[in-house]
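Following: one structure in structure tokens, then a few remarks.
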Amino acid sequence: MKKLLARIGVITAALLVVLGVVGYTQILGFTTSAEVRGKVHLVYNTSGFSRIGANVVAIDAGDAWVVFDTHLGPLAKGAFKQIKSLKDMPVRYAFNSHWHPDHSGGNAAFTDEAEIISHENVRSVLAGVHEGFGLTSPGSYREYKAVAREALPETVISDQSTFSVGALQLDAVHYPAAHTDGDLVLFVEQLKVVAIGDLVWPEGFPFIDVHSGGTAKGVAAALKDILRRTDNISLYLMGHGDPFTAAQLRDYLNMVEQTIEYVENEKTSGKTLEEVQAQGLPEKWREWQTKLNPQEEWIRMIYETL
Ligand SMILES: [Zn+2]
């Protein structure tokens with residue numbers, strides 16, 4: 001009897017472990033990575049059906065890693081481990097593309113080795129109680145707690161700065177009033193890659209965090225400048241989804257510019273936000289709608305920031 005009970009105990013424990021693992025992967029998925037260009041990896045969390053959190057861009061700079069974005073807090077250790085499993089060397093720099101928690105929430109997992117770098121506005125936002133996207137329903141905002149001092153960026157950029165690791169040169173450039181007011185873009189010309197954070201939402205209209213000083217025209221201006229600084233073989237790595245080619249980025253910019261122009265004309269002609277929303281965008285742009293960013297939301301983000 002005792003033996004039977006012990007066996008049941010072992011089986012139950014094994015079942016719990018299996019359930020725990022299955023449950024964990026369903027909720028958080030697992031961390032994996034893909035080499036998107038020589039020496040450049042995208043590290044992300046996937047449940048097999050969808051990705052959770054943001055991409056971490058990991059660049060092999062020879063004898064150290066450079067990381068762009070640090071993932072959501074609970075997933076950052078997994079991302080850190082994944083990077084180490086690709087090549088066991090220290091992380092020299094970790095940049096935050098902007099303050100949103102899926103991009104800066106994992107800073108603490110990198111601070112032992114890496115110098116955390118962001119735009120100066122990111123550090124001041126993170127240092128206090130702050131408001132931002134709730135990302136649970138269209139247009140939702142929520143409050144976030146102040147970030148612990150040790151997880152705050154220690155190096156801040158006001159306009160642009162160049163860093164080097166070994167022979168690799170990294171140019172970090174601030175684009176004002178775009179997705180937020182603290183967006184950083186990282187140009188790595190030698191590798192023909194540009195990490196652009198959330199200036200693009202690859203599945204649909206871009207998100208503008210109006211509470212954080214973002215503007216639709218700022219996103220268009222940033223994308224235009226990024227294309228001007230790069231060439232046709234460059235690869236653009238976003239905070240979410242798969243990278244864009246130059247042709248894809250040009251198409252995306254065209255959609256952004258045309259929809260802004262449309263809303264601006266309607267606003268100038270005296271229409272209220274509600275009227276423009278009720279009328280909607282011209283048919284050809286509606287396929288860019290997503291569940292979290294339907295056309296009414298994109299119209300609002302443009303209208304309110306013109
Ligand atoms: Zn964001």
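Scheme for the structure tokens: letters A, B, ... for chains in order shown; per-chain residue numbers from 1; ligand numbers from 1 in order shown.
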Exercise. Can you list every residue in stretch 53-292 of chain A that DSSP puts in strand (DSSP E), as a ChimeraX atom specification?
Worked result: /A:53-60,65-68,91-95,115-119,130-133,141-144,155-157,160-165,168-175,183-188,193-197,235-238,244-245
Could you give me the residues within 8 Å of ligand 1, counting only C-alpha atoms and all ligand atoms, as an mmCIF file with C-alpha atoms, in the first residue's frame?
```cif
data_model
loop_
_atom_site.group_PDB
_atom_site.id
_atom_site.type_symbol
_atom_site.label_atom_id
_atom_site.label_comp_id
_atom_site.auth_asym_id
_atom_site.auth_seq_id
_atom_site.Cartn_x
_atom_site.Cartn_y
_atom_site.Cartn_z
ATOM 1 C CA HIS A 98 12.345 53.536 -26.143
ATOM 2 C CA TRP A 99 10.874 53.171 -22.665
ATOM 3 C CA HIS A 100 7.969 50.737 -23.317
ATOM 4 C CA PRO A 101 8.267 47.754 -20.958
ATOM 5 C CA ASP A 102 8.663 45.165 -23.719
ATOM 6 C CA HIS A 103 11.815 47.048 -24.809
ATOM 7 C CA PHE A 133 0.118 51.791 -23.680
ATOM 8 C CA HIS A 179 6.658 56.458 -31.691
ATOM 9 C CA THR A 180 7.470 58.218 -28.383
ATOM 10 C CA GLY A 197 12.380 49.652 -32.601
ATOM 11 C CA ASP A 198 8.663 50.426 -32.871
ATOM 12 C CA PHE A 207 1.418 52.850 -32.975
ATOM 13 C CA ASP A 209 2.170 56.768 -27.970
ATOM 14 C CA GLY A 239 10.840 45.611 -32.277
#
```
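In terms of minimum interatomic distance to A:Glu257, A:Val219 ranks closest within A:Glu275, A:Leu281, A:Asn232, A:Val219, counting only C-alpha atoms.
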Problem set entry | Contacts of A:Val194 at 7 Å (only C-alpha atoms; same-chain gap of 6+ positions) as a PyMOL selection string | chain A and resi 186-188+235-237
What's around A:Trp285 at 10 Å? Count only C-alpha atoms, leave out sequence neighbours fewer than 2 positions away in its own chain, and write the answer as a compact mmCIF listing (two decimals) with N, CA, C and O atoms, in the first residue's frame.
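To be explicit, this is the file written out as out-v9.txt:
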```txt
# COMPACT_ATOMS: atom_id res chain seq x y z
N GLY A 204 0.64 46.19 -39.43
CA GLY A 204 -0.40 47.19 -39.68
C GLY A 204 0.06 48.61 -39.45
O GLY A 204 1.26 48.90 -39.50
N PHE A 205 -0.91 49.48 -39.19
CA PHE A 205 -0.59 50.88 -38.93
C PHE A 205 0.38 50.98 -37.76
O PHE A 205 0.32 50.17 -36.83
N MET A 255 2.46 54.22 -47.18
CA MET A 255 1.16 54.07 -46.51
C MET A 255 1.02 55.11 -45.39
O MET A 255 -0.01 55.78 -45.25
N VAL A 256 2.09 55.26 -44.59
CA VAL A 256 2.05 56.20 -43.47
C VAL A 256 1.84 57.63 -43.99
O VAL A 256 0.98 58.36 -43.52
N GLN A 258 0.65 58.69 -46.94
CA GLN A 258 -0.64 58.90 -47.63
C GLN A 258 -1.80 59.00 -46.63
O GLN A 258 -2.71 59.81 -46.81
N THR A 259 -1.77 58.17 -45.60
CA THR A 259 -2.88 58.21 -44.64
C THR A 259 -2.81 59.49 -43.80
O THR A 259 -3.84 60.08 -43.47
N GLY A 280 -13.93 57.04 -42.22
CA GLY A 280 -12.90 56.02 -42.45
C GLY A 280 -11.88 56.42 -43.49
O GLY A 280 -12.02 57.44 -44.16
N LEU A 281 -10.84 55.60 -43.62
CA LEU A 281 -9.77 55.85 -44.60
C LEU A 281 -10.22 55.35 -45.97
O LEU A 281 -11.11 54.50 -46.05
N PRO A 282 -9.61 55.85 -47.05
CA PRO A 282 -9.91 55.28 -48.37
C PRO A 282 -9.69 53.75 -48.33
O PRO A 282 -8.76 53.27 -47.65
N GLU A 283 -10.53 53.04 -49.07
CA GLU A 283 -10.56 51.57 -49.07
C GLU A 283 -9.17 50.90 -49.09
O GLU A 283 -8.90 49.97 -48.33
N GLU A 287 -6.74 47.59 -45.31
CA GLU A 287 -6.16 46.26 -45.05
C GLU A 287 -5.03 46.31 -44.01
O GLU A 287 -4.58 45.29 -43.52
N TRP A 288 -4.60 47.52 -43.67
CA TRP A 288 -3.54 47.66 -42.67
C TRP A 288 -4.10 47.64 -41.24
O TRP A 288 -3.36 47.75 -40.28
N GLN A 289 -5.42 47.51 -41.12
CA GLN A 289 -6.02 47.51 -39.77
C GLN A 289 -5.63 46.25 -39.02
O GLN A 289 -5.56 45.17 -39.59
N GLN A 295 -8.60 51.22 -37.94
CA GLN A 295 -8.41 52.52 -38.60
C GLN A 295 -8.84 53.70 -37.73
O GLN A 295 -8.24 54.77 -37.80
```
Problem set entry | Distance criterion (only C-alpha atoms): nearest to A:Asp183 out of A:Ser212, A:Thr268, A:Thr136, A:Thr111 |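 Of all the options, A:Ser212 lies closest to A:Asp183.
Of the residues under consideration (A:Ile208, A:Val91, A:Ile302, A:Ala246), A:Ala246 shows the shortest atom-to-atom contact distance to A:Lys192 when counting only C-alpha atoms.
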For this session: Pick out the residues sitting within 12 Å of A:Gly73, and hand them over as an MDAnalysis selection string; count only C-alpha atoms, and ignore anything fewer than 6 positions along from it in its own chain.
Result: chainID A and resid 28 52:54 79:80 100:110 147 151
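Between A:Ser124 and the candidates A:Gly166, A:Asp88, A:Tyr175, A:Gly182, the tightest atom-to-atom separation, counting only C-alpha atoms, involves A:Gly182.
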For this session: Would you kindly return, as a PyMOL selection string, each protein, DNA or RNA residue with an atom no farther than 6 Å from any atom of A:Ala58, considering only C-alpha atoms and excluding same-chain residues fewer than 3 positions away?
Result: chain A and resi 40-41+66-67
Exercise. Using only C-alpha atoms, which of the listed residues (A:Met89, A:Val263, A:Met238, A:Ile226) sits closest to A:Val43?
Worked result: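 Going through A:Met89, A:Val263, A:Met238, A:Ile226 one by one, the smallest distance to A:Val43 is for A:Met238.
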For this session: Any chance you could list, as a PyMOL selection string, the residues in stretch 59-273 of chain A that come up alpha helix (DSSP H) when DSSP is run on the backbone?
Result: chain A and resi 73-86+101-104+120-127+216-229+246-268+273
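Note that atom CA of A:Arg92 and atom CA of A:Ala114 are 4.7 Å apart.
For the pair atom CA of A:Leu191 and atom CA of A:Lys39, the separation is 7.9 Å.
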Problem set entry | Long-range neighbours of A:Gly128 as a PyMOL selection string, 9 Å cut-off, only C-alpha atoms, 5 positions minimum in chain | chain A and resi 144-147
Exercise. Which residue gives the smallest distance to A:Gly78 among A:Leu273, A:Leu249, A:Val56, A:Ile233, with only C-alpha atoms counted?
Worked result: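 For A:Gly78, the nearest of the given residues is A:Val56.
Picture a line from atom CA of A:Glu304 to atom CA of A:Val129; it runs 23.8 Å.
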